[in-house]
Every structure is written in structure tokens, then in C-alpha cells.
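> What follows is run.pdb, PDB, C-alpha atoms, pLDDT in the B column.
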ATOM      1  CA  GLY A1172     -11.284 -50.592 -18.220  1.00 59.00           C
ATOM      2  CA  GLU A1173     -12.382 -47.881 -20.634  1.00 63.00           C
ATOM      3  CA  GLU A1174     -14.135 -45.884 -17.888  1.00 62.00           C
ATOM      4  CA  LYS A1175     -10.988 -45.843 -15.708  1.00 63.00           C
ATOM      5  CA  LYS A1176      -8.929 -44.655 -18.688  1.00 64.00           C
ATOM      6  CA  VAL A1177     -11.328 -41.726 -19.279  1.00 60.00           C
ATOM      7  CA  ASP A1178     -11.323 -40.820 -15.567  1.00 77.00           C
ATOM      8  CA  LYS A1179      -7.523 -40.943 -15.497  1.00 77.00           C
ATOM      9  CA  GLU A1180      -7.329 -38.673 -18.568  1.00 80.00           C
ATOM     10  CA  ASN A1181      -9.821 -36.228 -17.033  1.00 80.00           C
ATOM     11  CA  PHE A1182      -7.916 -36.283 -13.756  1.00 80.00           C
ATOM     12  CA  THR A1183      -4.608 -35.661 -15.544  1.00 84.00           C
ATOM     13  CA  ALA A1184      -6.130 -32.795 -17.545  1.00 84.00           C
ATOM     14  CA  CYS A1185      -7.564 -31.328 -14.346  1.00 83.00           C
ATOM     15  CA  LEU A1186      -4.163 -31.511 -12.607  1.00 84.00           C
ATOM     16  CA  LYS A1187      -2.455 -29.803 -15.553  1.00 87.00           C
ATOM     17  CA  HIS A1188      -5.075 -27.060 -15.473  1.00 86.00           C
ATOM     18  CA  LEU A1189      -4.591 -26.558 -11.714  1.00 87.00           C
ATOM     19  CA  ARG A1190      -0.791 -26.430 -12.066  1.00 88.00           C
ATOM     20  CA  ASN A1191      -1.064 -23.876 -14.867  1.00 86.00           C
ATOM     21  CA  ARG A1192      -3.525 -21.800 -12.889  1.00 88.00           C
ATOM     22  CA  THR A1193      -1.315 -21.907  -9.784  1.00 86.00           C
ATOM     23  CA  LYS A1194       1.685 -20.815 -11.859  1.00 87.00           C
ATOM     24  CA  LEU A1195      -0.321 -17.960 -13.388  1.00 86.00           C
ATOM     25  CA  LEU A1196      -1.453 -16.803  -9.938  1.00 87.00           C
ATOM     26  CA  LYS A1197       2.132 -16.892  -8.638  1.00 87.00           C
ATOM     27  CA  ASP A1198       3.311 -14.924 -11.663  1.00 86.00           C
ATOM     28  CA  LYS A1199       0.542 -12.390 -11.155  1.00 88.00           C
ATOM     29  CA  GLN A1200       1.462 -12.014  -7.469  1.00 87.00           C
ATOM     30  CA  ALA A1201       5.133 -11.565  -8.360  1.00 86.00           C
ATOM     31  CA  LYS A1202       4.264  -8.855 -10.905  1.00 88.00           C
ATOM     32  CA  LEU A1203       2.078  -7.101  -8.342  1.00 87.00           C
ATOM     33  CA  GLN A1204       4.831  -7.206  -5.713  1.00 86.00           C
ATOM     34  CA  TYR A1205       7.336  -5.875  -8.253  1.00 85.00           C
ATOM     35  CA  SER A1206       5.053  -2.997  -9.274  1.00 87.00           C
ATOM     36  CA  ARG A1207       4.481  -2.100  -5.590  1.00 86.00           C
ATOM     37  CA  TRP A1208       8.230  -2.151  -4.987  1.00 87.00           C
ATOM     38  CA  ALA A1209       8.858   0.004  -8.074  1.00 87.00           C
ATOM     39  CA  GLU A1210       6.255   2.530  -6.905  1.00 88.00           C
ATOM     40  CA  SER A1211       7.756   2.514  -3.410  1.00 89.00           C
ATOM     41  CA  THR A1212      11.229   3.143  -4.843  1.00 89.00           C
ATOM     42  CA  LYS A1213       9.927   5.976  -7.048  1.00 91.00           C
ATOM     43  CA  TYR A1214       8.526   7.786  -4.007  1.00 91.00           C
ATOM     44  CA  PHE A1215      11.579   6.975  -1.881  1.00 90.00           C
ATOM     45  CA  GLU A1216      13.847   8.784  -4.339  1.00 91.00           C
ATOM     46  CA  GLN A1217      11.751  11.981  -4.484  1.00 91.00           C
ATOM     47  CA  GLU A1218      12.613  15.093  -2.493  1.00 92.00           C
ATOM     48  CA  ARG A1219      10.333  15.602   0.505  1.00 91.00           C
ATOM     49  CA  TRP A1220       9.137  18.894   1.917  1.00 93.00           C
ATOM     50  CA  LYS A1221      10.414  19.282   5.473  1.00 93.00           C
ATOM     51  CA  ASN A1222       8.577  22.336   6.834  1.00 92.00           C
ATOM     52  CA  ALA A1223       5.676  24.750   6.284  1.00 91.00           C
ATOM     53  CA  LYS A1224       7.842  27.012   4.096  1.00 93.00           C
ATOM     54  CA  ASP A1225       8.581  24.064   1.784  1.00 93.00           C
ATOM     55  CA  ILE A1226       4.847  23.389   1.513  1.00 91.00           C
ATOM     56  CA  VAL A1227       4.082  27.014   0.572  1.00 91.00           C
ATOM     57  CA  ASN A1228       6.973  27.159  -1.918  1.00 92.00           C
ATOM     58  CA  GLY A1229       6.084  23.785  -3.424  1.00 92.00           C
ATOM     59  CA  LEU A1230       2.444  24.735  -3.901  1.00 92.00           C
ATOM     60  CA  GLU A1231       3.325  28.159  -5.338  1.00 92.00           C
ATOM     61  CA  LYS A1232       5.371  26.467  -8.072  1.00 93.00           C
ATOM     62  CA  GLU A1233       2.245  24.713  -9.363  1.00 91.00           C
ATOM     63  CA  ASP A1234      -0.098  26.867 -11.422  1.00 90.00           C
ATOM     64  CA  LYS A1235      -3.096  24.519 -11.605  1.00 93.00           C
ATOM     65  CA  PRO A1236      -5.160  23.102  -8.704  1.00 91.00           C
ATOM     66  CA  ALA A1237      -4.799  19.552 -10.056  1.00 93.00           C
ATOM     67  CA  LYS A1238      -1.004  19.868 -10.012  1.00 94.00           C
ATOM     68  CA  ARG A1239      -1.090  21.208  -6.441  1.00 93.00           C
ATOM     69  CA  LEU A1240      -3.247  18.251  -5.375  1.00 93.00           C
ATOM     70  CA  LYS A1241      -0.832  15.847  -7.085  1.00 95.00           C
ATOM     71  CA  ALA A1242       2.122  17.494  -5.335  1.00 94.00           C
ATOM     72  CA  LEU A1243       0.411  17.136  -1.934  1.00 95.00           C
ATOM     73  CA  LYS A1244      -0.500  13.498  -2.626  1.00 95.00           C
ATOM     74  CA  ASP A1245       3.070  12.811  -3.746  1.00 95.00           C
ATOM     75  CA  GLN A1246       4.436  14.314  -0.528  1.00 94.00           C
ATOM     76  CA  ILE A1247       2.148  12.103   1.550  1.00 95.00           C
ATOM     77  CA  ASN A1248       3.030   9.048  -0.583  1.00 94.00           C
ATOM     78  CA  ILE A1249       6.756   9.739  -0.153  1.00 93.00           C
ATOM     79  CA  ARG A1250       6.245   9.069   3.532  1.00 93.00           C
ATOM     80  CA  VAL A1251       3.603   6.324   3.344  1.00 92.00           C
ATOM     81  CA  LYS A1252       4.834   4.303   0.362  1.00 91.00           C
ATOM     82  CA  GLY A1253       8.412   5.502  -0.018  1.00 91.00           C
ATOM     83  CA  TYR A1254       9.418   5.333   3.649  1.00 91.00           C
ATOM     84  CA  GLY A1255       6.883   2.776   4.867  1.00 89.00           C
ATOM     85  CA  TRP A1256       5.370   5.131   7.463  1.00 91.00           C
ATOM     86  CA  THR A1257       1.872   3.698   7.164  1.00 89.00           C
ATOM     87  CA  GLN A1258       0.629   5.581  10.238  1.00 92.00           C
ATOM     88  CA  PHE A1259       0.352   8.663   7.978  1.00 93.00           C
ATOM     89  CA  LYS A1260      -1.928   7.025   5.431  1.00 92.00           C
ATOM     90  CA  VAL A1261      -4.908   9.215   4.553  1.00 91.00           C
ATOM     91  CA  PRO A1262      -7.832   8.815   2.144  1.00 91.00           C
ATOM     92  CA  PHE A1263      -7.501  10.964  -0.970  1.00 90.00           C
ATOM     93  CA  SER A1264     -11.247  11.006  -1.686  1.00 89.00           C
ATOM     94  CA  SER A1265     -14.644  10.104  -0.287  1.00 89.00           C
ATOM     95  CA  LYS A1266     -18.087   9.818  -1.839  1.00 89.00           C
ATOM     96  CA  ASN A1267     -19.668  10.990   1.428  1.00 90.00           C
ATOM     97  CA  ASP A1268     -17.413  13.954   2.225  1.00 89.00           C
ATOM     98  CA  PRO A1269     -16.215  16.296  -0.544  1.00 87.00           C
ATOM     99  CA  THR A1270     -13.694  17.991   1.771  1.00 88.00           C
ATOM    100  CA  ILE A1271     -11.641  14.782   1.996  1.00 89.00           C
ATOM    101  CA  GLY A1272      -8.931  14.998  -0.622  1.00 88.00           C
ATOM    102  CA  SER A1273      -9.266  18.766  -1.031  1.00 91.00           C
ATOM    103  CA  GLU A1274      -6.176  20.966  -1.153  1.00 91.00           C
ATOM    104  CA  ASP A1275      -6.970  22.338   2.315  1.00 93.00           C
ATOM    105  CA  TYR A1276      -7.509  18.867   3.775  1.00 94.00           C
ATOM    106  CA  LEU A1277      -4.279  17.441   2.329  1.00 94.00           C
ATOM    107  CA  THR A1278      -2.256  20.531   3.270  1.00 93.00           C
ATOM    108  CA  LYS A1279      -3.393  20.288   6.907  1.00 95.00           C
ATOM    109  CA  HIS A1280      -2.663  16.568   6.937  1.00 95.00           C
ATOM    110  CA  LEU A1281       0.817  17.119   5.477  1.00 94.00           C
ATOM    111  CA  GLU A1282       1.493  19.836   8.068  1.00 95.00           C
ATOM    112  CA  SER A1283       0.517  17.414  10.852  1.00 95.00           C
ATOM    113  CA  ILE A1284       2.764  14.719   9.329  1.00 94.00           C
ATOM    114  CA  ILE A1285       5.727  17.115   9.284  1.00 94.00           C
ATOM    115  CA  ALA A1286       5.011  18.160  12.887  1.00 94.00           C
ATOM    116  CA  THR A1287       4.932  14.478  13.926  1.00 94.00           C
ATOM    117  CA  GLU A1288       8.164  13.802  12.004  1.00 93.00           C
ATOM    118  CA  LYS A1289       9.885  16.573  13.977  1.00 91.00           C
ATOM    119  CA  LYS A1290       8.294  15.627  17.317  1.00 93.00           C
ATOM    120  CA  GLU A1291       9.193  11.929  16.989  1.00 93.00           C
ATOM    121  CA  LYS A1292      12.502  12.712  15.227  1.00 92.00           C
ATOM    122  CA  LEU A1293      11.654  10.415  12.312  1.00 90.00           C
ATOM    123  CA  LYS A1294      14.511   9.997   9.865  1.00 90.00           C
ATOM    124  CA  ARG A1295      14.435   8.859   6.276  1.00 88.00           C
ATOM    125  CA  PRO A1296      15.139   5.112   6.196  1.00 87.00           C
ATOM    126  CA  GLY A1297      18.305   3.856   4.501  1.00 86.00           C
ATOM    127  CA  GLU A1298      16.369   2.235   1.685  1.00 82.00           C
ATOM    128  CA  SER A1299      12.865   1.826   0.379  1.00 78.00           C
ATOM    129  CA  PRO A1300      10.958  -0.836   2.315  1.00 78.00           C
ATOM    130  CA  LEU A1301       9.737  -3.916   0.497  1.00 73.00           C
ATOM    131  CA  PRO A1302       5.955  -3.792   0.334  1.00 67.00           C
ATOM    132  CA  VAL A1303       4.342  -6.805   1.961  1.00 66.00           C
ATOM    133  CA  SER A1304       1.207  -8.539   0.796  1.00 61.00           C
ATOM    134  CA  ARG A1305      -1.885  -7.495   2.600  1.00 62.00           C
ATOM    135  CA  THR A1306      -3.470 -10.214   4.672  1.00 66.00           C
ATOM    136  CA  THR A1307      -7.157 -10.465   5.288  1.00 67.00           C
ATOM    137  CA  SER A1308      -8.486 -11.218   8.736  1.00 69.00           C
ATOM    138  CA  LEU A1309     -11.262 -13.755   8.337  1.00 70.00           C
ATOM    139  CA  PRO A1310     -14.075 -14.065  10.848  1.00 70.00           C
ATOM    140  CA  VAL A1311     -14.280 -17.194  12.970  1.00 65.00           C
ATOM    141  CA  MET A1312     -17.365 -19.280  12.385  1.00 68.00           C
ATOM    142  CA  GLY A1313     -18.903 -21.294  15.175  1.00 69.00           C
ATOM    143  CA  THR A1314     -17.952 -21.306  18.812  1.00 70.00           C
ATOM    144  CA  LEU A1315     -14.331 -21.165  19.892  1.00 65.00           C
ATOM    145  CA  SER A1316     -13.082 -23.895  22.170  1.00 71.00           C
ATOM    146  CA  SER A1317     -11.977 -22.631  25.583  1.00 72.00           C
ATOM    147  CA  PHE A1318      -8.336 -23.143  24.543  1.00 69.00           C
ATOM    148  CA  LYS A1319      -8.724 -21.123  21.322  1.00 69.00           C
ATOM    149  CA  ALA A1320     -10.697 -18.397  23.124  1.00 69.00           C
ATOM    150  CA  GLN A1321      -7.921 -18.056  25.690  1.00 71.00           C
ATOM    151  CA  GLU A1322      -5.297 -18.050  22.922  1.00 71.00           C
ATOM    152  CA  ALA A1323      -7.207 -15.255  21.127  1.00 67.00           C
ATOM    153  CA  ARG A1324      -7.172 -13.134  24.293  1.00 69.00           C
ATOM    154  CA  VAL A1325      -3.417 -13.606  24.762  1.00 60.00           C
ATOM    155  CA  ASP A1326      -2.566 -12.407  21.219  1.00 53.00           C
TER     156      ASP A1326
END
For this file, write the structure as C-alpha cells.


Amino acid sequence: GEEKKVDKENFTACLKHLRNRTKLLKDKQAKLQYSRWAESTKYFEQERWKNAKDIVNGLEKEDKPAKRLKALKDQINIRVKGYGWTQFKVPFSSKNDPTIGSEDYLTKHLESIIATEKKEKLKRPGESPLPVSRTTSLPVMGTLSSFKAQEARVD
């Protein structure tokens, strides 16, 4: 009798803890999604440079190298985060290669983005896209059945 009562109390306490933890995780996810959306909207509303002349003029306005780098990163983020054009995503730094993230590197990348925009006639979307949660592709353990292996090839 007494042992069952203790187990039931422990079980109830465990359930409460799990519910609270689940709620906290959901709240955390919601806050993360909101902050991603807010960042996306911030970039969406910024003015983008549309040609090489805009790049030169925009960089000339900035007197410090750090401000020029920020301006270049902002221009790339306007397209990647603000417009949802993830094909233009570029690393802003690398431990192995100091040229990645340099002013030259980002300028050339921005020039290629603008050229692609013109070539593919990309237009600014009507509104900022909602960022979606990133999903992780997990490896398959064991041997796939013939049905699952065939299904994997079809997708």
C-alpha cells in the first residue's frame, strides 16, 4: 500500500516535471522563431544595393573597415534572410582561410549576387518570408529493408 503511494507520487511529480519542461521548450522555440522573424523583417525593410555603382557608393560612405564589412554583410543578409534567397548564403569567416569574410571576398560575392539577380530577373518578394526551423538529417542505422532502400532512391 505505502510503496504504491510513493511510486504514484513520484510518477505524478515526474509527469509534472516533463509537462513543465515541454512547455519551456515550446516557449523557447516560439521565442527563437519570433527573433528569427524579427531579424528577417529588419533586413527585408532595408534598402538594397542594385548595381556595382551602388556598392562603390555604399562603401565610400563608410569611413572604417569594420563599417564597410558590416554594410557588405547587411547587403548579403537582405537577400538571404530578408528575401529568403538562401542560395546566396556565404560564410562570413573561417578559421582555415583568412580571406573568407574579407572586404574583397564579400564585395566579389555581392557583385555575383547582383549579377545573378539581374540574370534570373529576381524581384523583391511581397513580404518577408517566415523563417522555418532547421531540420537535421539523421543517419540510418542498420540495414535498410529492400522496400525502404527503394523508397530512399525514389525520393

> Need the shell around Leu1281 of chain A: protein/DNA/RNA residues with any atom at most 8 Å away, counting all atoms listed in the file. Skip same-chain ones fewer than 5 positions apart. Format as a list in words?

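Near neighbours after the sequence-gap exclusion: Leu1243, Gln1246 and Ile1247 of chain A.
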
> So what do you get for atom CA of Leu1277 of chain A versus atom CA of Asp1245 of chain A, distance-wise?

10.6 Å

> Between A:Ile1271, A:Ile1284, A:Cys1185, A:Leu1309, which has the minimum distance to Val1251 of chain A (counting all atoms listed in the file)?

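Once distances to Val1251 of chain A are computed over all atoms listed in the file, the minimum belongs to A:Ile1284.
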
> Would you translate the PyMOL selection byres ((chain A and resi 1280) around 12) into the concrete set of residues it matches in this file, as a short mmCIF file (atom, residue, chain, number, x, y, z; two decimals) with C-alpha atoms, keeping the file's coordinate frame?


data_model
loop_
_atom_site.label_atom_id
_atom_site.label_comp_id
_atom_site.auth_asym_id
_atom_site.auth_seq_id
_atom_site.Cartn_x
_atom_site.Cartn_y
_atom_site.Cartn_z
CA ALA A 1223 5.68 24.75 6.28
CA ILE A 1226 4.85 23.39 1.51
CA LEU A 1243 0.41 17.14 -1.93
CA LYS A 1244 -0.50 13.50 -2.63
CA GLN A 1246 4.44 14.31 -0.53
CA ILE A 1247 2.15 12.10 1.55
CA GLN A 1258 0.63 5.58 10.24
CA PHE A 1259 0.35 8.66 7.98
CA LYS A 1260 -1.93 7.02 5.43
CA VAL A 1261 -4.91 9.22 4.55
CA PRO A 1262 -7.83 8.82 2.14
CA PHE A 1263 -7.50 10.96 -0.97
CA ILE A 1271 -11.64 14.78 2.00
CA GLY A 1272 -8.93 15.00 -0.62
CA SER A 1273 -9.27 18.77 -1.03
CA GLU A 1274 -6.18 20.97 -1.15
CA ASP A 1275 -6.97 22.34 2.32
CA TYR A 1276 -7.51 18.87 3.78
CA LEU A 1277 -4.28 17.44 2.33
CA THR A 1278 -2.26 20.53 3.27
CA LYS A 1279 -3.39 20.29 6.91
CA LEU A 1281 0.82 17.12 5.48
CA GLU A 1282 1.49 19.84 8.07
CA SER A 1283 0.52 17.41 10.85
CA ILE A 1284 2.76 14.72 9.33
CA ILE A 1285 5.73 17.11 9.28
CA ALA A 1286 5.01 18.16 12.89
CA THR A 1287 4.93 14.48 13.93
#

> Identify all residues satisfying the PyMOL selection byres ((chain A and resi 1254) around 10) in the given file; provide them as a VMD selection string.

chain A and resid 1211 to 1212 1214 to 1216 1248 to 1253 1255 to 1257 1294 to 1301

> Could you check how far atom CA of Leu1189 of chain A sits from atom CA of Tyr1205 of chain A, in Å to one decimal?

24.1 Å

> Would you compute the distance between atom CA of Thr1270 of chain A and atom CA of Asp1234 of chain A? Give it in Å to one decimal.

20.9 Å

> With 3 Å on each side, where is the centre of the axis-aligned box around all listed atoms of segment 1180-1193 of chain A, and how long are its edges in Å to one decimal, as lines of an AutoDock Vina configuration file?


center_x = -5.3
center_y = -30.2
center_z = -14.2
size_x = 15.0
size_y = 22.9
size_z = 14.8

> Could you rebuild segment 1210-1226 of chain A with N, CA and C atoms and give it back as a short mmCIF file (atom, residue, chain, number, x, y, z; two decimals), keeping the file's coordinate frame?


data_model
loop_
_atom_site.label_atom_id
_atom_site.label_comp_id
_atom_site.auth_asym_id
_atom_site.auth_seq_id
_atom_site.Cartn_x
_atom_site.Cartn_y
_atom_site.Cartn_z
N GLU A 1210 6.94 1.31 -7.33
CA GLU A 1210 6.26 2.53 -6.90
C GLU A 1210 6.87 3.06 -5.60
N SER A 1211 7.14 2.15 -4.68
CA SER A 1211 7.76 2.51 -3.41
C SER A 1211 9.12 3.18 -3.64
N THR A 1212 9.90 2.61 -4.53
CA THR A 1212 11.23 3.14 -4.84
C THR A 1212 11.12 4.51 -5.50
N LYS A 1213 10.14 4.68 -6.38
CA LYS A 1213 9.93 5.98 -7.05
C LYS A 1213 9.69 7.06 -6.00
N TYR A 1214 8.81 6.79 -5.04
CA TYR A 1214 8.53 7.79 -4.01
C TYR A 1214 9.71 7.97 -3.06
N PHE A 1215 10.42 6.90 -2.78
CA PHE A 1215 11.58 6.98 -1.88
C PHE A 1215 12.63 7.95 -2.41
N GLU A 1216 12.79 7.97 -3.72
CA GLU A 1216 13.85 8.78 -4.34
C GLU A 1216 13.45 10.24 -4.52
N GLN A 1217 12.19 10.60 -4.30
CA GLN A 1217 11.75 11.98 -4.48
C GLN A 1217 12.15 12.83 -3.29
N GLU A 1218 12.28 14.12 -3.54
CA GLU A 1218 12.61 15.09 -2.49
C GLU A 1218 11.37 15.38 -1.66
N ARG A 1219 11.50 15.33 -0.34
CA ARG A 1219 10.33 15.60 0.50
C ARG A 1219 10.41 17.01 1.08
N TRP A 1220 9.23 17.59 1.27
CA TRP A 1220 9.14 18.89 1.92
C TRP A 1220 9.28 18.67 3.42
N LYS A 1221 10.09 19.53 4.08
CA LYS A 1221 10.41 19.28 5.47
C LYS A 1221 9.81 20.28 6.45
N ASN A 1222 9.18 21.35 5.93
CA ASN A 1222 8.58 22.34 6.83
C ASN A 1222 7.47 23.10 6.11
N ALA A 1223 6.81 24.01 6.85
CA ALA A 1223 5.68 24.75 6.28
C ALA A 1223 6.11 25.62 5.11
N LYS A 1224 7.32 26.18 5.19
CA LYS A 1224 7.84 27.01 4.10
C LYS A 1224 7.98 26.19 2.81
N ASP A 1225 8.46 24.95 2.95
CA ASP A 1225 8.58 24.06 1.78
C ASP A 1225 7.21 23.79 1.16
N ILE A 1226 6.20 23.64 2.02
CA ILE A 1226 4.85 23.39 1.51
C ILE A 1226 4.37 24.59 0.70
#
